[in-house]
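The structure file start09.cif is reproduced below (mmCIF, C-alpha atoms).
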```cif
data_data
#
loop_
_atom_site.group_PDB
_atom_site.id
_atom_site.type_symbol
_atom_site.label_atom_id
_atom_site.label_comp_id
_atom_site.auth_asym_id
_atom_site.auth_seq_id
_atom_site.Cartn_x
_atom_site.Cartn_y
_atom_site.Cartn_z
ATOM 1 C CA MET A 1 -31.660 -120.924 38.478
ATOM 2 C CA SER A 2 -28.161 -122.127 37.673
ATOM 3 C CA LYS A 3 -25.338 -121.579 40.062
ATOM 4 C CA LYS A 4 -23.309 -119.382 37.636
ATOM 5 C CA LYS A 5 -26.158 -116.991 37.041
ATOM 6 C CA LYS A 6 -26.826 -116.734 40.723
ATOM 7 C CA ASP A 7 -23.210 -115.852 41.465
ATOM 8 C CA SER A 8 -23.289 -113.116 38.809
ATOM 9 C CA GLN A 9 -26.303 -111.485 40.313
ATOM 10 C CA GLN A 10 -24.707 -111.503 43.730
ATOM 11 C CA ASN A 11 -21.526 -109.798 42.423
ATOM 12 C CA GLU A 12 -23.576 -107.056 40.789
ATOM 13 C CA ALA A 13 -25.424 -106.482 43.999
ATOM 14 C CA ARG A 14 -22.136 -106.030 45.916
ATOM 15 C CA GLN A 15 -20.615 -103.356 43.484
ATOM 16 C CA PRO A 16 -21.204 -99.703 44.536
ATOM 17 C CA ASP A 17 -23.155 -97.303 42.328
ATOM 18 C CA ALA A 18 -21.103 -95.419 39.623
ATOM 19 C CA VAL A 19 -20.158 -91.795 40.548
ATOM 20 C CA ILE A 20 -20.935 -89.134 37.889
ATOM 21 C CA PRO A 21 -18.442 -86.171 37.987
ATOM 22 C CA GLU A 22 -20.010 -82.826 38.674
ATOM 23 C CA ALA A 23 -19.562 -79.989 36.151
ATOM 24 C CA GLU A 24 -17.301 -77.130 37.258
ATOM 25 C CA PRO A 25 -19.235 -74.002 38.082
ATOM 26 C CA VAL A 26 -19.032 -71.241 35.427
ATOM 27 C CA GLU A 27 -18.264 -67.781 36.666
ATOM 28 C CA GLU A 28 -20.957 -65.480 35.579
ATOM 29 C CA VAL A 29 -19.811 -62.026 34.240
ATOM 30 C CA PRO A 30 -22.257 -59.359 35.146
ATOM 31 C CA GLY A 31 -23.843 -57.772 32.117
ATOM 32 C CA ASP A 32 -23.123 -54.258 33.464
ATOM 33 C CA ALA A 33 -19.322 -54.769 33.027
ATOM 34 C CA ASP A 34 -19.551 -55.040 29.225
ATOM 35 C CA SER A 35 -21.782 -51.994 29.075
ATOM 36 C CA GLU A 36 -19.384 -49.899 31.162
ATOM 37 C CA SER A 37 -16.349 -50.840 29.031
ATOM 38 C CA VAL A 38 -18.194 -49.910 25.841
ATOM 39 C CA GLN A 39 -19.270 -46.602 27.357
ATOM 40 C CA ALA A 40 -15.702 -45.890 28.492
ATOM 41 C CA ALA A 41 -14.306 -46.615 25.017
ATOM 42 C CA GLY A 42 -16.960 -44.426 23.426
ATOM 43 C CA GLY A 43 -16.168 -41.590 25.815
ATOM 44 C CA ALA A 44 -12.449 -41.798 24.971
ATOM 45 C CA VAL A 45 -13.179 -41.677 21.233
ATOM 46 C CA GLU A 46 -15.505 -38.717 21.716
ATOM 47 C CA LEU A 47 -12.810 -36.898 23.719
ATOM 48 C CA GLU A 48 -10.159 -37.544 21.064
ATOM 49 C CA LEU A 49 -12.573 -36.380 18.364
ATOM 50 C CA GLU A 50 -13.306 -33.156 20.249
ATOM 51 C CA GLN A 51 -9.588 -32.517 20.748
ATOM 52 C CA ALA A 52 -8.968 -33.101 17.042
ATOM 53 C CA ARG A 53 -11.737 -30.629 16.166
ATOM 54 C CA GLU A 54 -10.245 -27.986 18.461
ATOM 55 C CA GLU A 55 -6.775 -28.494 17.002
ATOM 56 C CA ALA A 56 -8.150 -28.255 13.460
ATOM 57 C CA GLN A 57 -9.925 -25.012 14.371
ATOM 58 C CA ARG A 58 -6.719 -23.587 15.860
ATOM 59 C CA ASN A 59 -4.771 -24.534 12.735
ATOM 60 C CA HIS A 60 -7.431 -22.946 10.541
ATOM 61 C CA ASP A 61 -7.372 -19.722 12.571
ATOM 62 C CA GLN A 62 -3.580 -19.638 12.419
ATOM 63 C CA TYR A 63 -3.690 -20.163 8.643
ATOM 64 C CA LEU A 64 -6.119 -17.255 8.266
ATOM 65 C CA ARG A 65 -3.856 -14.988 10.339
ATOM 66 C CA VAL A 66 -0.763 -15.943 8.333
ATOM 67 C CA ALA A 67 -2.630 -15.439 5.051
ATOM 68 C CA ALA A 68 -3.832 -12.015 6.198
ATOM 69 C CA ASP A 69 -0.311 -11.005 7.304
ATOM 70 C CA LEU A 70 1.102 -12.160 3.982
ATOM 71 C CA GLU A 71 -1.491 -10.177 2.036
ATOM 72 C CA ASN A 72 -0.793 -7.061 4.111
ATOM 73 C CA PHE A 73 2.941 -7.479 3.524
ATOM 74 C CA ARG A 74 2.386 -7.862 -0.224
ATOM 75 C CA LYS A 75 0.275 -4.700 -0.365
ATOM 76 C CA ARG A 76 2.794 -2.757 1.732
ATOM 77 C CA ALA A 77 5.687 -3.914 -0.454
ATOM 78 C CA GLN A 78 3.748 -2.913 -3.567
ATOM 79 C CA ARG A 79 3.096 0.576 -2.147
ATOM 80 C CA GLU A 80 6.756 0.985 -1.190
ATOM 81 C CA LYS A 81 7.817 -0.132 -4.658
ATOM 82 C CA GLU A 82 5.490 2.380 -6.295
ATOM 83 C CA GLU A 83 6.708 5.172 -4.023
ATOM 84 C CA LEU A 84 10.337 4.232 -4.659
ATOM 85 C CA SER A 85 9.757 4.293 -8.405
ATOM 86 C CA LYS A 86 7.926 7.618 -8.164
ATOM 87 C CA PHE A 87 10.505 9.351 -5.978
ATOM 88 C CA ALA A 88 13.696 7.525 -7.010
ATOM 89 C CA ASN A 89 15.115 10.655 -8.680
ATOM 90 C CA GLU A 90 14.151 12.990 -5.849
ATOM 91 C CA ARG A 91 17.738 13.459 -4.655
ATOM 92 C CA ILE A 92 19.257 14.213 -8.047
ATOM 93 C CA LEU A 93 16.386 16.546 -8.929
ATOM 94 C CA ARG A 94 16.897 18.428 -5.679
ATOM 95 C CA GLU A 95 20.563 18.861 -6.650
ATOM 96 C CA ILE A 96 19.629 20.099 -10.123
ATOM 97 C CA LEU A 97 17.252 22.820 -8.905
ATOM 98 C CA PRO A 98 20.073 25.217 -7.894
ATOM 99 C CA VAL A 99 21.527 24.809 -11.391
ATOM 100 C CA VAL A 100 18.197 25.852 -12.867
ATOM 101 C CA ASP A 101 18.198 28.831 -10.507
ATOM 102 C CA ASN A 102 21.595 29.933 -11.809
ATOM 103 C CA LEU A 103 20.435 29.651 -15.412
ATOM 104 C CA GLU A 104 17.432 31.807 -14.630
ATOM 105 C CA ARG A 105 19.655 34.393 -12.918
ATOM 106 C CA ALA A 106 22.029 34.455 -15.885
ATOM 107 C CA VAL A 107 19.175 35.040 -18.332
ATOM 108 C CA GLU A 108 17.675 37.747 -16.125
ATOM 109 C CA HIS A 109 21.064 39.449 -15.789
ATOM 110 C CA ALA A 110 21.563 39.450 -19.560
ATOM 111 C CA ARG A 111 18.117 41.028 -20.079
ATOM 112 C CA GLN A 112 18.828 43.828 -17.617
ATOM 113 C CA GLU A 113 22.288 44.769 -18.888
ATOM 114 C CA ASN A 114 21.425 44.669 -22.601
ATOM 115 C CA SER A 115 25.102 43.949 -23.191
ATOM 116 C CA SER A 116 26.800 41.973 -25.879
ATOM 117 C CA GLY A 117 26.059 38.771 -24.018
ATOM 118 C CA GLU A 118 29.331 38.349 -22.161
ATOM 119 C CA GLY A 119 27.509 38.215 -18.822
ATOM 120 C CA LEU A 120 25.133 35.574 -20.124
ATOM 121 C CA LEU A 121 28.014 33.531 -21.513
ATOM 122 C CA GLU A 122 29.827 33.653 -18.203
ATOM 123 C CA GLY A 123 26.684 32.647 -16.314
ATOM 124 C CA VAL A 124 26.005 29.714 -18.640
ATOM 125 C CA GLU A 125 29.600 28.517 -18.332
ATOM 126 C CA MET A 126 29.338 28.613 -14.556
ATOM 127 C CA THR A 127 26.055 26.711 -14.738
ATOM 128 C CA LEU A 128 27.574 24.028 -16.970
ATOM 129 C CA THR A 129 30.410 23.630 -14.488
ATOM 130 C CA GLN A 130 27.894 23.243 -11.705
ATOM 131 C CA PHE A 131 25.941 20.704 -13.755
ATOM 132 C CA GLY A 132 29.107 18.687 -14.275
ATOM 133 C CA LYS A 133 29.754 18.601 -10.518
ATOM 134 C CA VAL A 134 26.194 17.442 -9.818
ATOM 135 C CA LEU A 135 26.467 14.634 -12.376
ATOM 136 C CA GLU A 136 29.856 13.593 -11.042
ATOM 137 C CA LYS A 137 28.383 13.500 -7.524
ATOM 138 C CA PHE A 138 25.943 10.842 -8.713
ATOM 139 C CA GLY A 139 28.589 8.777 -10.506
ATOM 140 C CA VAL A 140 28.037 10.222 -14.010
ATOM 141 C CA THR A 141 31.273 10.985 -15.888
ATOM 142 C CA PRO A 142 31.876 11.918 -19.542
ATOM 143 C CA VAL A 143 33.321 9.427 -22.017
ATOM 144 C CA SER A 144 36.764 10.288 -23.384
ATOM 145 C CA SER A 145 36.473 10.734 -27.114
ATOM 146 C CA ILE A 146 38.628 13.181 -29.110
ATOM 147 C CA GLY A 147 42.083 11.758 -29.769
ATOM 148 C CA GLU A 148 41.060 8.333 -28.456
ATOM 149 C CA PRO A 149 41.022 5.213 -30.656
ATOM 150 C CA PHE A 150 37.503 4.492 -31.845
ATOM 151 C CA ASP A 151 35.806 2.109 -29.368
ATOM 152 C CA PRO A 152 32.421 0.744 -30.516
ATOM 153 C CA ALA A 153 31.618 -0.062 -26.869
ATOM 154 C CA ARG A 154 31.728 3.664 -25.999
ATOM 155 C CA HIS A 155 31.542 5.545 -29.290
ATOM 156 C CA GLU A 156 28.864 5.703 -31.958
ATOM 157 C CA ALA A 157 30.407 6.636 -35.305
ATOM 158 C CA VAL A 158 28.109 8.733 -37.481
ATOM 159 C CA GLY A 159 30.671 9.431 -40.194
ATOM 160 C CA GLN A 160 34.317 9.955 -41.097
ATOM 161 C CA LEU A 161 36.404 13.112 -41.200
ATOM 162 C CA GLU A 162 39.366 13.605 -43.500
ATOM 163 C CA THR A 163 42.153 15.019 -41.376
ATOM 164 C CA ALA A 164 45.898 14.825 -41.020
ATOM 165 C CA GLU A 165 45.727 15.894 -37.391
ATOM 166 C CA HIS A 166 44.688 12.439 -36.166
ATOM 167 C CA ALA A 167 45.703 8.967 -37.187
ATOM 168 C CA PRO A 168 43.161 6.835 -39.030
ATOM 169 C CA ASN A 169 40.482 5.181 -36.904
ATOM 170 C CA VAL A 170 40.890 7.793 -34.169
ATOM 171 C CA VAL A 171 38.035 10.006 -32.953
ATOM 172 C CA ALA A 172 38.570 13.354 -34.637
ATOM 173 C CA GLN A 173 35.406 15.189 -33.611
ATOM 174 C CA GLU A 174 32.721 14.784 -30.955
ATOM 175 C CA LEU A 175 29.180 15.732 -31.956
ATOM 176 C CA GLN A 176 27.540 14.723 -28.677
ATOM 177 C CA LYS A 177 29.104 13.770 -25.370
ATOM 178 C CA GLY A 178 28.815 10.256 -24.051
ATOM 179 C CA TYR A 179 28.487 9.426 -20.354
ATOM 180 C CA LEU A 180 29.254 6.577 -17.966
ATOM 181 C CA LEU A 181 27.278 5.746 -14.846
ATOM 182 C CA HIS A 182 29.621 4.082 -12.366
ATOM 183 C CA GLU A 183 31.783 2.749 -15.216
ATOM 184 C CA ARG A 184 28.713 1.429 -17.075
ATOM 185 C CA LEU A 185 27.794 3.082 -20.358
ATOM 186 C CA LEU A 186 24.894 5.462 -19.901
ATOM 187 C CA ARG A 187 25.008 6.965 -23.395
ATOM 188 C CA PRO A 188 27.582 6.498 -26.190
ATOM 189 C CA ALA A 189 29.342 9.500 -27.655
ATOM 190 C CA MET A 190 28.395 10.441 -31.226
ATOM 191 C CA VAL A 191 31.689 10.968 -33.079
ATOM 192 C CA LEU A 192 33.398 11.372 -36.406
ATOM 193 C CA VAL A 193 36.302 9.010 -37.038
ATOM 194 C CA ALA A 194 39.470 10.281 -38.721
ATOM 195 C CA LYS A 195 40.586 9.066 -42.107
ATOM 196 C CA PRO A 196 43.523 10.190 -44.252
ATOM 197 C CA PRO A 197 42.898 13.194 -46.540
ATOM 198 C CA ALA A 198 42.243 12.372 -50.175
ATOM 199 C CA ASP A 199 45.563 13.891 -51.319
ATOM 200 C CA ASP A 200 47.530 11.838 -48.815
ATOM 201 C CA ALA A 201 45.686 8.699 -49.841
ATOM 202 C CA GLN A 202 46.446 9.352 -53.516
ATOM 203 C CA ASN A 203 50.111 10.063 -52.787
ATOM 204 C CA GLU A 204 50.325 6.899 -50.728
ATOM 205 C CA ASN A 205 48.802 4.882 -53.535
ATOM 206 C CA SER A 206 51.156 6.483 -56.090
ATOM 207 C CA GLY A 207 54.164 5.637 -53.962
ATOM 208 C CA LYS A 208 53.077 2.036 -53.754
ATOM 209 C CA ALA A 209 52.633 1.897 -57.523
#
```

Show me, as structure tokens, the structure contained in the file I just sent.
Amino acid sequence: MSKKKKDSQQNEARQPDAVIPEAEPVEEVPGDADSESVQAAGGAVELELEQAREEAQRNHDQYLRVAADLENFRKRAQREKEELSKFANERILREILPVVDNLERAVEHARQENSSGEGLLEGVEMTLTQFGKVLEKFGVTPVSSIGEPFDPARHEAVGQLETAEHAPNVVAQELQKGYLLHERLLRPAMVLVAKPPADDAQNENSGKA
């Protein structure tokens, strides 16, 4: 054996053995921990779901109560509207009944006296006066007509009347009274409108010629 080879073998014999690093220990997670966390999460979801169901049920019950109250209110309002429409004129009719009583008394008085009718006329005049007061009490007033300029907003002309007593286009005669209800037209007055007499019109035309 050569000297160089021998020295090499001796050096290898003197070197210590190589040290292999040990692997770090791995902490083991118990399998029960994962199971508990999953169960906890599932329980929380189930609780939230149950709470949501209860809240939805409460909202549904509240909706049903509100809907029922609204329906009851609608029915009650409809009944009140019907009653108001049915009895709206109750007050004015109650005021008119005494007027009817007076008319009946006047007719009965005229039958008993067998007179010329003066008692009946007086009774009817009193009743008309009473009627006028009742109407005025409820805001009903007559439309001014005779001697007033013709107003198509308050008068309904049904013809013309030749007269020298009134100027042309003035109401000369009232055939039926008109009435206002709180300044709003309730019924127009039926009137005849004045126009110059034929003789005056001819004389006027002759003078112009």

With 4 Å of padding per side, what axis-aligned box (centre and edge lengths, Å, one decimal) covers all the listed atoms of stretch 167-172 of chain A? Give it as JSON.
```
{"center_x": 41.9, "center_y": 9.3, "center_z": -36.0, "size_x": 15.7, "size_y": 16.2, "size_z": 14.1}
```

What do you get, as a ChimeraX atom specification, if you spell out every residue that the PyMOL selection byres ((chain A and resi 168-184) around 10) selects here? /A:135-136,138-151,154-167,185-197

Pick the closest to A:Glu95 from A:Ala68, A:Ala40, A:Val134, A:Ala198: which is it, counting all atoms listed in the file? A:Val134

Please indicate the distance in Å from atom CA of A:Gln112 to atom CA of A:Ile96, rounded to one decimal place.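 Atom CA of A:Ile96 lies at a distance of 24.9 Å from atom CA of A:Gln112.
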
To test your reading of the syntax: which residues would the PyMOL selection byres ((chain A and resi 100-108) around 10) return for the file shown? Reply as a list in words.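 That selection, the PyMOL selection byres ((chain A and resi 100-108) around 10), comes back as Glu95, Ile96, Leu97, Pro98, Val99, His109, Ala110, Arg111, Gln112, Glu113, Gly117, Gly119, Leu120, Leu121, Glu122, Gly123, Val124, Glu125, Met126, Thr127, Leu128, Gln130 and Phe131 of chain A.
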
Å distance separating atom CA of A:Glu90 from atom CA of A:Lys75, one decimal place: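 Atom-to-atom, atom CA of A:Glu90 to atom CA of A:Lys75, that is 23.1 Å.
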
Separation of atom CA of A:Glu55 from atom CA of A:Ala67 in Å: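 Taking atom CA of A:Ala67 and atom CA of A:Glu55, their separation equals 18.2 Å.
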